[in-house]
$ cat input36.cif   # mmCIF, C-alpha atoms and all ligand atoms
data_model
#
loop_
_atom_site.label_atom_id
_atom_site.label_comp_id
_atom_site.auth_asym_id
_atom_site.auth_seq_id
_atom_site.Cartn_x
_atom_site.Cartn_y
_atom_site.Cartn_z
CA MET A 19 -6.63 -91.51 -23.20
CA PRO A 20 -7.89 -89.13 -25.93
CA THR A 21 -9.28 -90.72 -29.08
CA VAL A 22 -8.17 -89.47 -32.51
CA PHE A 23 -10.11 -90.40 -35.64
CA VAL A 24 -7.84 -90.89 -38.70
CA LEU A 25 -10.21 -90.85 -41.67
CA ASN A 26 -9.37 -91.68 -45.28
CA GLY A 27 -11.40 -91.00 -48.40
CA PRO A 28 -11.97 -92.67 -51.76
CA ASN A 29 -9.50 -94.95 -53.54
CA LEU A 30 -6.96 -94.90 -50.71
CA ASN A 31 -7.78 -98.61 -50.25
CA LEU A 32 -5.77 -99.08 -53.48
CA LEU A 33 -2.55 -97.74 -51.98
CA GLY A 34 0.53 -99.81 -52.68
CA GLN A 35 -1.13 -101.50 -55.65
CA ARG A 36 -1.15 -98.67 -58.25
CA GLU A 37 0.61 -95.36 -58.92
CA PRO A 38 3.45 -95.98 -56.40
CA GLU A 39 5.44 -93.13 -58.01
CA ILE A 40 2.78 -90.70 -56.74
CA TYR A 41 1.47 -92.29 -53.54
CA GLY A 42 4.36 -94.51 -52.44
CA ARG A 43 4.64 -98.26 -51.91
CA HIS A 44 2.94 -98.52 -48.52
CA SER A 45 -0.51 -100.09 -48.27
CA LEU A 46 -3.21 -98.35 -46.23
CA GLU A 47 -2.93 -101.17 -43.67
CA GLU A 48 0.78 -100.35 -43.26
CA ILE A 49 -0.08 -96.68 -42.74
CA ALA A 50 -2.72 -97.72 -40.18
CA ALA A 51 -0.05 -99.78 -38.35
CA ARG A 52 2.29 -96.75 -38.25
CA CYS A 53 -0.54 -94.61 -36.88
CA ARG A 54 -1.36 -97.18 -34.17
CA GLU A 55 2.33 -97.37 -33.22
CA ALA A 56 2.51 -93.55 -33.03
CA GLY A 57 -0.70 -93.59 -30.98
CA ARG A 58 0.88 -95.96 -28.42
CA ARG A 59 3.95 -93.70 -28.16
CA LEU A 60 1.88 -90.50 -27.86
CA GLY A 61 -0.85 -91.81 -25.57
CA LEU A 62 -3.63 -91.58 -28.17
CA GLU A 63 -6.35 -94.10 -28.97
CA ILE A 64 -6.42 -94.35 -32.79
CA VAL A 65 -9.57 -95.09 -34.79
CA PHE A 66 -8.38 -95.58 -38.40
CA ARG A 67 -10.97 -95.89 -41.21
CA GLN A 68 -11.31 -95.62 -44.98
CA THR A 69 -14.41 -95.18 -47.13
CA ASN A 70 -15.20 -94.63 -50.79
CA ALA A 71 -18.55 -93.02 -49.94
CA GLU A 72 -18.95 -89.30 -49.31
CA GLY A 73 -21.98 -89.72 -47.00
CA GLU A 74 -20.12 -92.24 -44.86
CA LEU A 75 -17.22 -89.84 -44.49
CA VAL A 76 -19.68 -87.12 -43.40
CA ASN A 77 -21.25 -89.56 -40.88
CA TRP A 78 -17.83 -90.43 -39.43
CA ILE A 79 -16.89 -86.74 -39.08
CA GLN A 80 -20.18 -86.21 -37.21
CA GLU A 81 -19.42 -89.27 -35.04
CA ALA A 82 -15.97 -87.82 -34.31
CA GLY A 83 -17.76 -84.79 -32.88
CA THR A 84 -18.97 -86.89 -29.95
CA GLU A 85 -16.30 -89.64 -29.84
CA ALA A 86 -12.97 -88.01 -30.73
CA ALA A 87 -10.77 -85.25 -29.34
CA ALA A 88 -9.06 -84.62 -32.69
CA LEU A 89 -9.32 -85.48 -36.35
CA VAL A 90 -6.69 -86.37 -38.96
CA LEU A 91 -8.22 -86.42 -42.42
CA ASN A 92 -7.07 -87.42 -45.88
CA ALA A 93 -10.31 -86.80 -47.76
CA ALA A 94 -8.56 -87.82 -51.04
CA GLY A 95 -10.66 -86.72 -54.07
CA TYR A 96 -13.39 -85.23 -51.83
CA THR A 97 -10.81 -82.69 -50.63
CA HIS A 98 -11.28 -80.82 -53.88
CA THR A 99 -15.05 -81.20 -54.33
CA SER A 100 -17.00 -81.71 -51.12
CA VAL A 101 -18.91 -78.86 -49.49
CA ALA A 102 -20.67 -81.59 -47.43
CA VAL A 103 -17.35 -82.68 -45.91
CA LEU A 104 -16.45 -79.04 -45.20
CA ASP A 105 -19.82 -78.41 -43.51
CA ALA A 106 -19.34 -81.49 -41.32
CA LEU A 107 -15.78 -80.43 -40.41
CA ARG A 108 -17.05 -77.02 -39.35
CA THR A 109 -19.16 -78.70 -36.64
CA PHE A 110 -16.11 -80.50 -35.17
CA PRO A 111 -14.87 -78.69 -32.05
CA GLY A 112 -11.33 -80.14 -31.76
CA PRO A 113 -8.12 -79.83 -33.78
CA ILE A 114 -8.26 -80.96 -37.42
CA VAL A 115 -5.15 -81.81 -39.44
CA GLU A 116 -5.46 -82.33 -43.20
CA VAL A 117 -3.03 -84.86 -44.64
CA HIS A 118 -2.06 -85.78 -48.21
CA LEU A 119 0.50 -88.36 -49.23
CA SER A 120 1.41 -86.46 -52.38
CA ASN A 121 1.92 -82.71 -52.79
CA PRO A 122 -1.28 -81.57 -54.53
CA TYR A 123 0.29 -78.16 -55.30
CA ARG A 124 2.74 -79.63 -57.81
CA ARG A 125 0.04 -81.63 -59.63
CA GLU A 126 -3.03 -80.65 -61.69
CA ALA A 127 -4.40 -77.15 -60.97
CA PHE A 128 -7.74 -78.51 -59.63
CA ARG A 129 -5.86 -80.18 -56.75
CA ALA A 130 -4.66 -76.81 -55.47
CA ARG A 131 -8.17 -76.03 -54.18
CA SER A 132 -9.06 -77.75 -50.90
CA TYR A 133 -12.41 -77.41 -49.12
CA VAL A 134 -10.89 -79.31 -46.18
CA SER A 135 -8.23 -76.60 -45.72
CA LEU A 136 -10.98 -74.08 -44.95
CA ALA A 137 -11.67 -75.99 -41.72
CA ALA A 138 -8.22 -77.45 -40.95
CA ASP A 139 -5.91 -76.16 -38.23
CA GLY A 140 -2.90 -77.54 -40.08
CA ILE A 141 -2.00 -79.20 -43.38
CA ILE A 142 0.73 -81.76 -44.11
CA CYS A 143 1.35 -82.87 -47.67
CA GLY A 144 3.98 -84.46 -49.86
CA LEU A 145 5.65 -86.51 -47.12
CA GLY A 146 3.95 -89.85 -47.74
CA ALA A 147 2.99 -92.03 -44.77
CA THR A 148 5.25 -89.96 -42.48
CA GLY A 149 2.71 -87.14 -42.84
CA TYR A 150 0.17 -89.15 -40.83
CA VAL A 151 2.66 -89.65 -37.99
CA LEU A 152 3.57 -85.94 -38.00
CA ALA A 153 -0.13 -85.07 -37.91
CA LEU A 154 -0.60 -87.28 -34.83
CA GLU A 155 2.40 -85.64 -33.13
CA ALA A 156 0.87 -82.22 -33.82
CA VAL A 157 -2.56 -83.15 -32.43
CA ALA A 158 -0.97 -84.82 -29.37
CA GLU A 159 0.85 -81.56 -28.62
CA ARG A 160 -2.31 -79.49 -29.10
CA LEU A 161 -4.33 -81.78 -26.83
CA ARG A 162 -1.54 -81.69 -24.19
CA ASN A 163 -1.46 -77.87 -24.29
CA ARG A 164 -5.23 -77.75 -24.04
CA ARG A 165 -5.17 -80.07 -20.98
CA ASP A 166 -2.41 -77.99 -19.33
CA GLU A 167 -4.49 -74.83 -19.85
CA THR A 168 -7.59 -76.44 -18.30
CA ASP A 169 -5.50 -77.69 -15.35
CA ARG A 170 -4.14 -74.17 -14.79
CA GLU A 171 -7.67 -72.71 -14.86
CA ALA A 172 -8.94 -75.27 -12.29
O1 LIG B 201 -2.03 -87.24 -51.99
C1 LIG B 201 -3.06 -87.56 -51.40
O2 LIG B 201 -3.07 -88.15 -50.33
C2 LIG B 201 -4.41 -87.30 -52.08
O3 LIG B 201 -5.35 -86.96 -51.08
C3 LIG B 201 -4.79 -88.58 -52.77
C4 LIG B 201 -6.07 -88.47 -53.61
C5 LIG B 201 -5.99 -87.27 -54.55
O4 LIG B 201 -7.25 -87.10 -55.19
C6 LIG B 201 -5.65 -85.99 -53.81
O5 LIG B 201 -5.52 -84.95 -54.75
C7 LIG B 201 -4.34 -86.13 -53.06
C8 LIG B 201 -6.28 -89.72 -54.45
C9 LIG B 201 -6.22 -91.01 -53.70
C10 LIG B 201 -6.22 -92.12 -54.70
O6 LIG B 201 -5.42 -93.15 -54.19
C11 LIG B 201 -4.94 -94.06 -55.07
C12 LIG B 201 -4.04 -94.95 -54.56
C13 LIG B 201 -3.50 -95.89 -55.39
C14 LIG B 201 -3.87 -95.97 -56.71
C15 LIG B 201 -4.78 -95.07 -57.21
C16 LIG B 201 -5.33 -94.12 -56.40
#
$ encode --input "input36.cif" --output "structure tokens"
Amino acid sequence: MPTVFVLNGPNLNLLGQREPEIYGRHSLEEIAARCREAGRRLGLEIVFRQTNAEGELVNWIQEAGTEAAALVLNAAGYTHTSVAVLDALRTFPGPIVEVHLSNPYRREAFRARSYVSLAADGIICGLGATGYVLALEAVAERLRNRRDETDREA
């Protein structure tokens, strides 16, 4: 069963406690539960993590390079600032889907720039926790297509 890393950046541990009008009422643990449920349905092993530290996020992206077939990433504030996260993403060989709970394009202008987007295969934003599930459906399809192609070549 392919493993998918679902990585979350700074302050997302506060979800459900503050700013529900922007980020919704779900806690990060509830989003993790939805991802695990989607993983069971789609045949994916889900590794779900959150960190407030940029270096740890970089380390996990590097780890994904050897341990995961695909990456779903909400880099939160680091989306808009981190060349280090972008450099790490560029070493990841599999599909990358960028996720945001809110729609950064209807917020402050600085949120319209994403370093993550420069490495992402797809972007889902503004759909709350559902965005994570849609991202997993997209990577499951990509991984299936990739497997079918390899089978045909063999
Ligand atoms: O909409 C998203 O998912 C974001 O990645 C969330 C980031 C923000 O910097 C991005 O522009 C868009 C912020 C996450 C902060 O999460 C909080 C949750 C509850 C209370 C306060 C912050």
$ closest_atom_pairs --input "input36.cif" --of "chain A" --to "ligand LIG 201 (chain B)" --cutoff "10 Å" --atoms "all atoms listed in the file" --output "CSV"
residue,atom,partner,partner_atom,distance
A:Asn26,CA,B:LIG201,O3,8.5
A:Gly27,CA,B:LIG201,C9,7.4
A:Pro28,CA,B:LIG201,C9,6.3
A:Asn29,CA,B:LIG201,C10,4.5
A:Leu30,CA,B:LIG201,O6,4.2
A:Asn31,CA,B:LIG201,C12,6.8
A:Leu32,CA,B:LIG201,C13,4.4
A:Leu33,CA,B:LIG201,C13,4.0
A:Gly34,CA,B:LIG201,C13,6.2
A:Gln35,CA,B:LIG201,C13,6.1
A:Arg36,CA,B:LIG201,C14,4.1
A:Glu37,CA,B:LIG201,C14,5.0
A:Pro38,CA,B:LIG201,C13,7.0
A:Glu39,CA,B:LIG201,C13,9.7
A:Ile40,CA,B:LIG201,O1,7.6
A:Tyr41,CA,B:LIG201,C12,6.2
A:Gly42,CA,B:LIG201,C13,8.5
A:Arg43,CA,B:LIG201,C13,9.2
A:His44,CA,B:LIG201,C13,9.8
A:Ser45,CA,B:LIG201,C13,8.8
A:Leu46,CA,B:LIG201,C12,9.0
A:Leu91,CA,B:LIG201,O3,9.1
A:Asn92,CA,B:LIG201,O3,5.5
A:Ala93,CA,B:LIG201,O3,6.0
A:Ala94,CA,B:LIG201,O3,3.3
A:Gly95,CA,B:LIG201,O4,3.6
A:Tyr96,CA,B:LIG201,O4,7.2
A:Thr97,CA,B:LIG201,C6,6.9
A:His98,CA,B:LIG201,O5,7.1
A:Thr99,CA,B:LIG201,O4,9.8
A:Glu116,CA,B:LIG201,O3,9.1
A:Val117,CA,B:LIG201,O2,6.6
A:His118,CA,B:LIG201,O2,3.3
A:Leu119,CA,B:LIG201,O2,3.7
A:Ser120,CA,B:LIG201,O1,3.5
A:Asn121,CA,B:LIG201,O1,6.1
A:Pro122,CA,B:LIG201,O5,5.4
A:Tyr123,CA,B:LIG201,O5,9.0
A:Arg125,CA,B:LIG201,O5,8.1
A:Glu126,CA,B:LIG201,O5,8.5
A:Phe128,CA,B:LIG201,O5,8.4
A:Arg129,CA,B:LIG201,O5,5.2
A:Ala130,CA,B:LIG201,O5,8.2
A:Arg131,CA,B:LIG201,O5,9.3
A:Ser132,CA,B:LIG201,O5,8.9
A:Ile142,CA,B:LIG201,O2,9.7
A:Cys143,CA,B:LIG201,O1,7.0
A:Gly144,CA,B:LIG201,O1,7.0
A:Leu145,CA,B:LIG201,O1,9.1
A:Gly146,CA,B:LIG201,O2,7.7
A:Ala147,CA,B:LIG201,O2,9.1
A:Gly149,CA,B:LIG201,O2,9.5
$ atom_distance --input "input36.cif" --atom1 "CA of Val76 (chain A)" --atom2 "CA of Ala106 (chain A)"
6.0 Å
$ residues_around --input "input36.cif" --residues "Leu107 (chain A)" --least-positions-apart "6" --cutoff "9 Å" --atoms "all atoms listed in the file" --output "list in words"
Val76, Ile79, Gln80, Gly83, Ile114, Val134, Ala137 and Ala138 of chain A
$ atom_distance --input "input36.cif" --atom1 "CA of Ala156 (chain A)" --atom2 "CA of Thr69 (chain A)"
24.1 Å
$ residues_near_point --input "input36.cif" --point "(4.6, -94.3, -33.6)" --cutoff "12 Å" --atoms "all atoms listed in the file" --output "MDAnalysis selection string"
chainID A and resid 49:64 147:155 158
$ closest_residue --input "input36.cif" --among "A:Thr21, A:Ser100, A:Asn70, A:Ser135" --to "Ala82 (chain A)" --atoms "all atoms listed in the file"
A:Thr21
$ atom_distance --input "input36.cif" --atom1 "CA of Ala71 (chain A)" --atom2 "CA of Pro111 (chain A)"
23.2 Å
$ decode --input "input36.cif" --residues "region 91-114 of chain A" --atoms "N, CA, C and O atoms" --output "compact mmCIF listing (two decimals), in the first residue's frame"
# COMPACT_ATOMS: atom_id res chain seq x y z
N LEU A 91 0.61 18.83 1.19
CA LEU A 91 1.28 19.80 2.06
C LEU A 91 0.47 21.08 2.24
O LEU A 91 0.11 21.75 1.26
N ASN A 92 0.17 21.37 3.50
CA ASN A 92 -0.29 22.72 3.87
C ASN A 92 0.84 23.34 4.67
O ASN A 92 0.96 23.12 5.88
N ALA A 93 1.69 24.11 3.99
CA ALA A 93 2.86 24.68 4.65
C ALA A 93 2.50 25.93 5.45
O ALA A 93 3.39 26.57 6.03
N ALA A 94 1.20 26.28 5.49
CA ALA A 94 0.72 27.43 6.27
C ALA A 94 1.58 28.67 5.97
O ALA A 94 1.87 28.94 4.80
N GLY A 95 2.03 29.39 6.98
CA GLY A 95 2.78 30.64 6.74
C GLY A 95 4.04 30.43 5.91
O GLY A 95 4.45 31.34 5.16
N TYR A 96 4.68 29.26 6.01
CA TYR A 96 5.92 29.02 5.24
C TYR A 96 5.66 28.95 3.73
O TYR A 96 6.59 29.10 2.94
N THR A 97 4.40 28.74 3.36
CA THR A 97 4.02 28.77 1.94
C THR A 97 4.54 30.03 1.27
O THR A 97 5.02 30.01 0.14
N HIS A 98 4.41 31.15 2.01
CA HIS A 98 4.65 32.46 1.41
C HIS A 98 6.06 32.98 1.64
O HIS A 98 6.39 34.08 1.20
N THR A 99 6.88 32.20 2.37
CA THR A 99 8.21 32.73 2.74
C THR A 99 9.37 31.78 2.49
O THR A 99 10.51 32.23 2.42
N SER A 100 9.12 30.45 2.38
CA SER A 100 10.23 29.52 2.58
C SER A 100 10.86 28.96 1.30
O SER A 100 10.34 28.02 0.67
N VAL A 101 12.01 29.51 0.95
CA VAL A 101 12.81 28.94 -0.15
C VAL A 101 13.33 27.56 0.27
O VAL A 101 13.47 26.66 -0.57
N ALA A 102 13.59 27.37 1.58
CA ALA A 102 14.09 26.08 2.06
C ALA A 102 13.06 24.97 1.83
O ALA A 102 13.41 23.85 1.40
N VAL A 103 11.79 25.28 2.09
CA VAL A 103 10.73 24.29 1.82
C VAL A 103 10.65 24.01 0.32
O VAL A 103 10.57 22.85 -0.11
N LEU A 104 10.71 25.06 -0.49
CA LEU A 104 10.68 24.86 -1.95
C LEU A 104 11.84 23.98 -2.41
O LEU A 104 11.65 23.03 -3.19
N ASP A 105 13.05 24.26 -1.93
CA ASP A 105 14.21 23.47 -2.34
C ASP A 105 14.03 22.00 -1.97
O ASP A 105 14.37 21.10 -2.76
N ALA A 106 13.48 21.75 -0.77
CA ALA A 106 13.24 20.36 -0.35
C ALA A 106 12.20 19.71 -1.25
O ALA A 106 12.36 18.56 -1.70
N LEU A 107 11.13 20.44 -1.55
CA LEU A 107 10.06 19.89 -2.41
C LEU A 107 10.60 19.51 -3.78
O LEU A 107 10.18 18.52 -4.38
N ARG A 108 11.55 20.30 -4.26
CA ARG A 108 12.09 20.04 -5.62
C ARG A 108 12.88 18.73 -5.67
O ARG A 108 13.17 18.23 -6.75
N THR A 109 13.26 18.19 -4.50
CA THR A 109 13.98 16.91 -4.51
C THR A 109 13.01 15.73 -4.43
O THR A 109 13.42 14.59 -4.54
N PHE A 110 11.70 16.02 -4.21
CA PHE A 110 10.73 14.94 -4.02
C PHE A 110 10.26 14.42 -5.39
O PHE A 110 9.75 15.21 -6.20
N PRO A 111 10.40 13.12 -5.64
CA PRO A 111 10.12 12.62 -6.99
C PRO A 111 8.64 12.39 -7.31
O PRO A 111 8.27 12.33 -8.48
N GLY A 112 7.79 12.24 -6.30
CA GLY A 112 6.39 11.87 -6.55
C GLY A 112 5.48 13.08 -6.66
O GLY A 112 5.92 14.23 -6.61
N PRO A 113 4.16 12.81 -6.80
CA PRO A 113 3.19 13.90 -6.87
C PRO A 113 3.09 14.71 -5.57
O PRO A 113 3.14 14.14 -4.48
N ILE A 114 2.97 16.02 -5.73
CA ILE A 114 2.82 16.94 -4.59
C ILE A 114 1.54 17.74 -4.79
O ILE A 114 1.34 18.35 -5.86
